[in-house]
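Comments concern the structure below.
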Amino acid sequence: MEKFENVILCDHPLVQHKISLLHDKNTGSKEFRELVHEVSMFMCYEATRDLPLKDVTIQTPLGELSNSKIISGRKIAFVPIMRAGLGMVDGALALVPTAKVGHVGIYRDKQNGNTAADYYCKLPFDIANREVVILDLMLATGVSAVKAAEIVKNAGAKTVKFMCVLACPEGINALHAAHPDVQIVCGAIDEGLNEDLYIVPGIGDGGDRLFGTK
């Protein structure tokens, strides 16, 4: 597999097992949603691995602990790209329940050169003081990811990561070309895009499989 800079691939056996089930066309919407929730929670460990710590003194039932570690002040905002990114929010919040959640609505405008158009944006008022993790089920063409990163940066975000369950080389390269500072955290990297710009072998339309629509 090609090696990509500034990409964290979550190769934990549990993550890989669950992503194999997501690839399976026979996995129904209920199980698909549950798997996305679980994978998102596991991946959030990697996305938050570099959070700074500080020493504090804690009184335990049996004495004093002077070098206990807690997170040192950095706040997090999860920003799902609607609609497939919504399936990852609960898993991320299960790990970081104090995080705030913004939303961006983006669609790929095939009629205008495969560009991105945004139709909704609601971000935390203090986004500039938070580490932002953009959530989307897939990183395919990269068009939506690039637009989402642009939106949160324009709102003041200084530290931005992109977390997806499934990526492909085209999407990774597109996001890095536009935003080389945005680290990508993904569960798997598939072969590439087909002529319809779907990831292959892929999981099909992630939004449809999450919500049972066609």
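By order in the structure tokens, chains are A, B, ...; within a chain, residues start at 1; ligands start at 1, following the order shown.
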- Item | Those in range 76-151 of chain A with strand (DSSP E) from DSSP, as a VMD selection string | chain A and resid 76 to 82 100 to 101 103 to 109 115 to 122 130 to 139
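If you count only C-alpha atoms and ignore residues fewer than 5 places along the chain from Asp50 in chain A, what sits within 12 Å of it is Cys44, Tyr45, Ile71, Ser72, Arg74, Glu131, Thr159, Lys161 and Gln183 of chain A.
With only C-alpha atoms taken into account, the protein and nucleic acid residues at most 12 Å from Tyr120 in chain A (excluding it and anything under 6 positions from it in its own chain) are Pro80, Ile81, Met82, Arg83, Gly102, His103, Val104, Gly105, Ile106, Tyr107, Ala148 and Ile151 of chain A.
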- Message: Going by DSSP on the backbone, which residues of range 4-155 of chain A come out as alpha helix (DSSP H)? List them as a count of residues only.
- Response: 49
- One decimal, Å: what's the distance from CA of Asp11 in chain A over to CA of Cys168 in chain A, could you say?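 Computing it gives 15.4 Å between the two atoms.
Among the candidates A:Gly187, A:Lys3, A:His179, A:Ala149, the one nearest to His17 in chain A when counting only C-alpha atoms is A:Gly187.
With only C-alpha atoms as the atoms that count, the residue of A:Leu197, A:Val79, A:Leu51, A:Leu135 with the shortest distance to Val36 in chain A is A:Leu135.
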- Query: For Cys164 in chain A, which residue among A:Lys30, A:Lys147, A:His37, A:Lys122 is the nearest when counting only C-alpha atoms?
  - Reply: A:His37
- Message: With distances taken over only C-alpha atoms, which residue among A:Val160, A:Val7, A:Val39, A:Ala178 lies nearest Ser20 in chain A?
- Response: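 Once distances to Ser20 in chain A are computed over only C-alpha atoms, the minimum belongs to A:Val39.
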- Using only C-alpha atoms, find the one residue out of A:Ala155, A:Leu139, A:Ile172, A:Ala94 that sits nearest to Ile199 in chain A. A:Leu139
